[in-house]
$ cat entry-v6.pdb   # PDB, C-alpha atoms, pLDDT in the B column
ATOM      1  CA  MET A   1      32.017 -19.878  26.006  1.00 40.00           C
ATOM      2  CA  LYS A   2      30.601 -17.117  28.205  1.00 39.00           C
ATOM      3  CA  ARG A   3      31.427 -14.495  25.531  1.00 35.00           C
ATOM      4  CA  VAL A   4      29.587 -16.531  22.855  1.00 32.00           C
ATOM      5  CA  LEU A   5      26.510 -16.808  25.091  1.00 33.00           C
ATOM      6  CA  VAL A   6      26.480 -13.068  25.832  1.00 31.00           C
ATOM      7  CA  LEU A   7      26.886 -12.183  22.132  1.00 29.00           C
ATOM      8  CA  SER A   8      24.130 -14.625  21.181  1.00 32.00           C
ATOM      9  CA  LEU A   9      21.752 -13.113  23.738  1.00 31.00           C
ATOM     10  CA  LEU A  10      22.611  -9.613  22.504  1.00 29.00           C
ATOM     11  CA  ALA A  11      21.926 -10.585  18.871  1.00 32.00           C
ATOM     12  CA  VAL A  12      18.574 -12.176  19.796  1.00 30.00           C
ATOM     13  CA  SER A  13      17.507  -9.155  21.839  1.00 30.00           C
ATOM     14  CA  LEU A  14      18.412  -6.756  18.974  1.00 27.00           C
ATOM     15  CA  THR A  15      16.433  -8.735  16.389  1.00 29.00           C
ATOM     16  CA  TRP A  16      13.462  -8.827  18.770  1.00 30.00           C
ATOM     17  CA  TRP A  17      13.662  -5.049  19.339  1.00 29.00           C
ATOM     18  CA  MET A  18      14.311  -3.951  15.732  1.00 29.00           C
ATOM     19  CA  PRO A  19      10.982  -4.991  14.132  1.00 37.00           C
ATOM     20  CA  ALA A  20       9.034  -3.023  16.754  1.00 35.00           C
ATOM     21  CA  GLN A  21      11.115   0.071  16.027  1.00 35.00           C
ATOM     22  CA  ALA A  22      10.900  -0.424  12.249  1.00 41.00           C
ATOM     23  CA  ALA A  23       7.103  -0.585  12.411  1.00 46.00           C
ATOM     24  CA  SER A  24       6.940   3.017  13.636  1.00 53.00           C
ATOM     25  CA  LYS A  25       9.202   4.431  10.892  1.00 76.00           C
ATOM     26  CA  GLY A  26       9.486   4.288   7.124  1.00 89.00           C
ATOM     27  CA  VAL A  27       6.691   3.932   4.595  1.00 91.00           C
ATOM     28  CA  ARG A  28       3.268   2.526   5.523  1.00 94.00           C
ATOM     29  CA  VAL A  29      -0.059   1.830   3.870  1.00 96.00           C
ATOM     30  CA  LEU A  30      -2.396   3.479   6.376  1.00 95.00           C
ATOM     31  CA  LYS A  31      -5.686   2.176   4.975  1.00 97.00           C
ATOM     32  CA  ALA A  32      -7.344   0.696   1.899  1.00 98.00           C
ATOM     33  CA  THR A  33     -10.898   1.709   0.967  1.00 98.00           C
ATOM     34  CA  THR A  34     -13.584   1.128  -1.661  1.00 98.00           C
ATOM     35  CA  SER A  35     -16.139   3.438  -3.261  1.00 97.00           C
ATOM     36  CA  VAL A  36     -19.016   1.133  -2.237  1.00 98.00           C
ATOM     37  CA  ASP A  37     -19.571  -1.687   0.242  1.00 97.00           C
ATOM     38  CA  ALA A  38     -21.383  -3.910  -2.273  1.00 98.00           C
ATOM     39  CA  ALA A  39     -21.991  -3.991  -6.051  1.00 98.00           C
ATOM     40  CA  PRO A  40     -23.222  -6.425  -8.745  1.00 98.00           C
ATOM     41  CA  PRO A  41     -20.920  -8.296 -11.159  1.00 97.00           C
ATOM     42  CA  GLY A  42     -19.748  -6.030 -13.984  1.00 97.00           C
ATOM     43  CA  ALA A  43     -19.934  -2.840 -11.897  1.00 98.00           C
ATOM     44  CA  ARG A  44     -17.024  -0.396 -12.150  1.00 98.00           C
ATOM     45  CA  VAL A  45     -15.728   0.387  -8.668  1.00 98.00           C
ATOM     46  CA  VAL A  46     -12.891   2.371  -7.094  1.00 98.00           C
ATOM     47  CA  PHE A  47     -10.306   0.931  -4.713  1.00 98.00           C
ATOM     48  CA  GLN A  48      -7.918   3.335  -2.961  1.00 97.00           C
ATOM     49  CA  ALA A  49      -4.890   3.018  -0.719  1.00 96.00           C
ATOM     50  CA  PHE A  50      -3.519   5.816   1.437  1.00 96.00           C
ATOM     51  CA  ALA A  51       0.187   5.579   2.228  1.00 94.00           C
ATOM     52  CA  THR A  52       2.607   7.845   4.066  1.00 92.00           C
ATOM     53  CA  ASN A  53       6.235   8.356   4.926  1.00 91.00           C
ATOM     54  CA  LEU A  54       6.719   8.210   8.702  1.00 91.00           C
ATOM     55  CA  GLY A  55      10.329   9.331   8.376  1.00 89.00           C
ATOM     56  CA  PRO A  56      12.930  10.051   9.289  1.00 91.00           C
ATOM     57  CA  GLY A  57      13.179  12.631   6.484  1.00 90.00           C
ATOM     58  CA  PRO A  58      12.351  12.101   2.809  1.00 89.00           C
ATOM     59  CA  LEU A  59      12.212   8.433   1.757  1.00 89.00           C
ATOM     60  CA  ASP A  60      11.423   6.509  -1.414  1.00 88.00           C
ATOM     61  CA  LEU A  61       7.715   5.622  -1.294  1.00 88.00           C
ATOM     62  CA  TRP A  62       6.627   2.788  -3.551  1.00 90.00           C
ATOM     63  CA  VAL A  63       3.118   1.400  -3.264  1.00 93.00           C
ATOM     64  CA  GLY A  64       1.894  -1.397  -5.492  1.00 93.00           C
ATOM     65  CA  TYR A  65      -1.167  -3.561  -5.768  1.00 92.00           C
ATOM     66  CA  GLY A  66      -1.689  -7.198  -6.461  1.00 87.00           C
ATOM     67  CA  THR A  67      -3.687 -10.227  -5.423  1.00 90.00           C
ATOM     68  CA  LEU A  68      -6.708  -9.224  -7.508  1.00 95.00           C
ATOM     69  CA  ARG A  69      -9.683 -11.343  -6.485  1.00 98.00           C
ATOM     70  CA  ASN A  70     -12.900 -11.415  -8.570  1.00 98.00           C
ATOM     71  CA  ILE A  71     -11.728  -8.413 -10.606  1.00 97.00           C
ATOM     72  CA  ASP A  72     -11.356  -8.363 -14.390  1.00 97.00           C
ATOM     73  CA  PRO A  73      -7.621  -7.607 -14.842  1.00 95.00           C
ATOM     74  CA  GLU A  74      -8.224  -6.170 -18.335  1.00 95.00           C
ATOM     75  CA  THR A  75     -10.293  -3.327 -16.828  1.00 96.00           C
ATOM     76  CA  VAL A  76      -7.824  -2.208 -14.144  1.00 95.00           C
ATOM     77  CA  ARG A  77      -6.770   1.448 -14.412  1.00 94.00           C
ATOM     78  CA  GLU A  78      -4.394   2.920 -11.836  1.00 93.00           C
ATOM     79  CA  THR A  79      -3.758   6.553 -10.924  1.00 92.00           C
ATOM     80  CA  CYS A  80      -1.196   7.875  -8.455  1.00 90.00           C
ATOM     81  CA  ILE A  81      -2.101  11.021  -6.536  1.00 90.00           C
ATOM     82  CA  GLY A  82       0.626  12.756  -4.561  1.00 84.00           C
ATOM     83  CA  PRO A  83       1.983  16.110  -3.476  1.00 76.00           C
ATOM     84  CA  ILE A  84       3.515  18.317  -6.122  1.00 60.00           C
ATOM     85  CA  PHE A  85       5.257  20.431  -3.477  1.00 53.00           C
ATOM     86  CA  ALA A  86       4.248  24.099  -3.944  1.00 48.00           C
ATOM     87  CA  TYR A  87       1.495  23.216  -6.420  1.00 52.00           C
ATOM     88  CA  GLY A  88      -0.791  21.084  -4.220  1.00 55.00           C
ATOM     89  CA  TYR A  89      -1.633  17.535  -5.318  1.00 60.00           C
ATOM     90  CA  GLY A  90      -1.188  16.112  -8.806  1.00 65.00           C
ATOM     91  CA  GLU A  91      -2.055  12.878 -10.622  1.00 67.00           C
ATOM     92  CA  TRP A  92      -0.048  10.621 -12.912  1.00 69.00           C
ATOM     93  CA  ASN A  93      -0.514   7.194 -14.483  1.00 70.00           C
ATOM     94  CA  PRO A  94       2.286   4.718 -13.774  1.00 72.00           C
ATOM     95  CA  ASP A  95       3.707   2.299 -16.320  1.00 68.00           C
ATOM     96  CA  ASP A  96       3.247  -0.703 -14.021  1.00 77.00           C
ATOM     97  CA  PRO A  97       1.140  -1.596 -10.964  1.00 88.00           C
ATOM     98  CA  VAL A  98       3.383   0.456  -8.648  1.00 90.00           C
ATOM     99  CA  CYS A  99       3.224   4.149  -7.714  1.00 89.00           C
ATOM    100  CA  GLU A 100       6.860   5.136  -7.246  1.00 87.00           C
ATOM    101  CA  TRP A 101       7.986   8.373  -5.637  1.00 84.00           C
ATOM    102  CA  ASP A 102      11.623   9.094  -4.837  1.00 83.00           C
ATOM    103  CA  GLU A 103      12.389  11.396  -1.899  1.00 84.00           C
ATOM    104  CA  PHE A 104       8.748  11.455  -0.735  1.00 86.00           C
ATOM    105  CA  PRO A 105       8.333  14.162   1.949  1.00 87.00           C
ATOM    106  CA  GLU A 106       7.944  12.983   5.538  1.00 90.00           C
ATOM    107  CA  GLY A 107       4.320  13.199   6.721  1.00 90.00           C
ATOM    108  CA  ASP A 108       2.719  13.611   3.263  1.00 89.00           C
ATOM    109  CA  VAL A 109       0.152  11.147   1.897  1.00 90.00           C
ATOM    110  CA  LEU A 110       0.233   9.265  -1.416  1.00 91.00           C
ATOM    111  CA  ILE A 111      -3.055   7.918  -2.795  1.00 92.00           C
ATOM    112  CA  VAL A 112      -3.139   4.921  -5.135  1.00 94.00           C
ATOM    113  CA  LYS A 113      -6.482   4.826  -6.978  1.00 95.00           C
ATOM    114  CA  VAL A 114      -7.531   1.728  -8.933  1.00 96.00           C
ATOM    115  CA  VAL A 115     -10.732   1.666 -11.010  1.00 97.00           C
ATOM    116  CA  ALA A 116     -11.807  -1.816 -12.078  1.00 97.00           C
ATOM    117  CA  GLN A 117     -14.785  -3.951 -13.050  1.00 98.00           C
ATOM    118  CA  LEU A 118     -16.053  -6.716 -10.750  1.00 98.00           C
ATOM    119  CA  ALA A 119     -15.891 -10.199 -12.268  1.00 97.00           C
ATOM    120  CA  GLY A 120     -17.207 -12.506  -9.542  1.00 94.00           C
ATOM    121  CA  SER A 121     -20.586 -14.005  -8.758  1.00 96.00           C
ATOM    122  CA  PRO A 122     -23.162 -12.955  -6.164  1.00 96.00           C
ATOM    123  CA  HIS A 123     -22.182 -13.775  -2.569  1.00 96.00           C
ATOM    124  CA  GLN A 124     -18.456 -13.603  -3.378  1.00 98.00           C
ATOM    125  CA  VAL A 125     -15.974 -10.910  -2.377  1.00 98.00           C
ATOM    126  CA  ALA A 126     -13.811  -8.804  -4.691  1.00 98.00           C
ATOM    127  CA  SER A 127     -10.565  -7.464  -3.295  1.00 98.00           C
ATOM    128  CA  ILE A 128      -7.251  -5.789  -4.044  1.00 97.00           C
ATOM    129  CA  THR A 129      -4.242  -5.867  -1.726  1.00 97.00           C
ATOM    130  CA  PHE A 130      -1.995  -2.789  -1.650  1.00 97.00           C
ATOM    131  CA  CYS A 131       1.564  -3.075  -0.301  1.00 95.00           C
ATOM    132  CA  ALA A 132       4.256  -0.519   0.467  1.00 93.00           C
ATOM    133  CA  TYR A 133       7.862  -1.297  -0.311  1.00 84.00           C
ATOM    134  CA  GLY A 134       9.020  -3.215   2.737  1.00 79.00           C
ATOM    135  CA  GLY A 135       5.961  -5.431   3.127  1.00 81.00           C
ATOM    136  CA  ASN A 136       3.263  -3.403   4.925  1.00 92.00           C
ATOM    137  CA  CYS A 137      -0.052  -4.366   3.239  1.00 96.00           C
ATOM    138  CA  LYS A 138      -3.773  -3.557   3.479  1.00 97.00           C
ATOM    139  CA  THR A 139      -6.678  -5.135   1.582  1.00 98.00           C
ATOM    140  CA  ALA A 140      -9.823  -3.381   0.300  1.00 98.00           C
ATOM    141  CA  ARG A 141     -12.941  -5.575  -0.160  1.00 98.00           C
ATOM    142  CA  ILE A 142     -16.353  -5.290  -1.830  1.00 98.00           C
ATOM    143  CA  ARG A 143     -19.250  -7.774  -1.473  1.00 98.00           C
ATOM    144  CA  ILE A 144     -20.619  -8.902  -4.820  1.00 98.00           C
ATOM    145  CA  THR A 145     -24.430  -8.746  -4.904  1.00 97.00           C
ATOM    146  CA  GLY A 146     -27.049 -10.362  -7.146  1.00 89.00           C
TER
END
$ encode --input "entry-v6.pdb" --output "structure tokens"
Amino acid sequence: MKRVLVLSLLAVSLTWWMPAQAASKGVRVLKATTSVDAAPPGARVVFQAFATNLGPGPLDLWVGYGTLRNIDPETVRETCIGPIFAYGYGEWNPDDPVCEWDEFPEGDVLIVKVVAQLAGSPHQVASITFCAYGGNCKTARIRITG
């Protein structure tokens, strides 16, 4: 009985400790931004997410977007901007709403750029949520004006 209690306490303490350690490593969306703070319905705006690999070493970095709010989904255009090693930064257009990079270098930054048209009404908010593989998410918001 004593052994079961000790093992149970050890398992609980490890699961409590692991999320705090995991938060400081791996892939993270650092911030999500917009090109403007406010815009009228129908305006084309830019949403961007900045993600990084916190290590250890090269990791697969996948950043996607979803939860479009007051945005016309037919107008969404995504571009991935990332390091091309010795050549500086390069751009590519993904085939789905995820920028995928295998063996992404530790410490480098990936930018996910989404250009879209606002579809809401004045006094509403338009937003896109960007998430890294593993669940770290950030939301970029724009006030819709009259």
$ atom_distance --input "entry-v6.pdb" --atom1 "atom CA of A:Pro58" --atom2 "atom CA of A:Glu100"
13.4 Å
$ closest_residue --input "entry-v6.pdb" --among "A:Ala126, A:Ala38, A:Val76, A:Ala49" --to "A:Trp62" --atoms "all atoms listed in the file"
A:Ala49
$ atom_distance --input "entry-v6.pdb" --atom1 "atom CA of A:Pro105" --atom2 "atom CA of A:Phe50"
14.5 Å
$ resolve_selection --input "entry-v6.pdb" --expression "the PyMOL selection byres ((chain A and resi 114-116) around 9)" --output "MDAnalysis selection string"
chainID A and resid 43:49 65 71:80 112:113 117:118 128
$ closest_residue --input "entry-v6.pdb" --among "A:Thr67, A:Asn93, A:Thr34, A:Asn53" --to "A:Phe130" --atoms "all atoms listed in the file"
A:Thr67
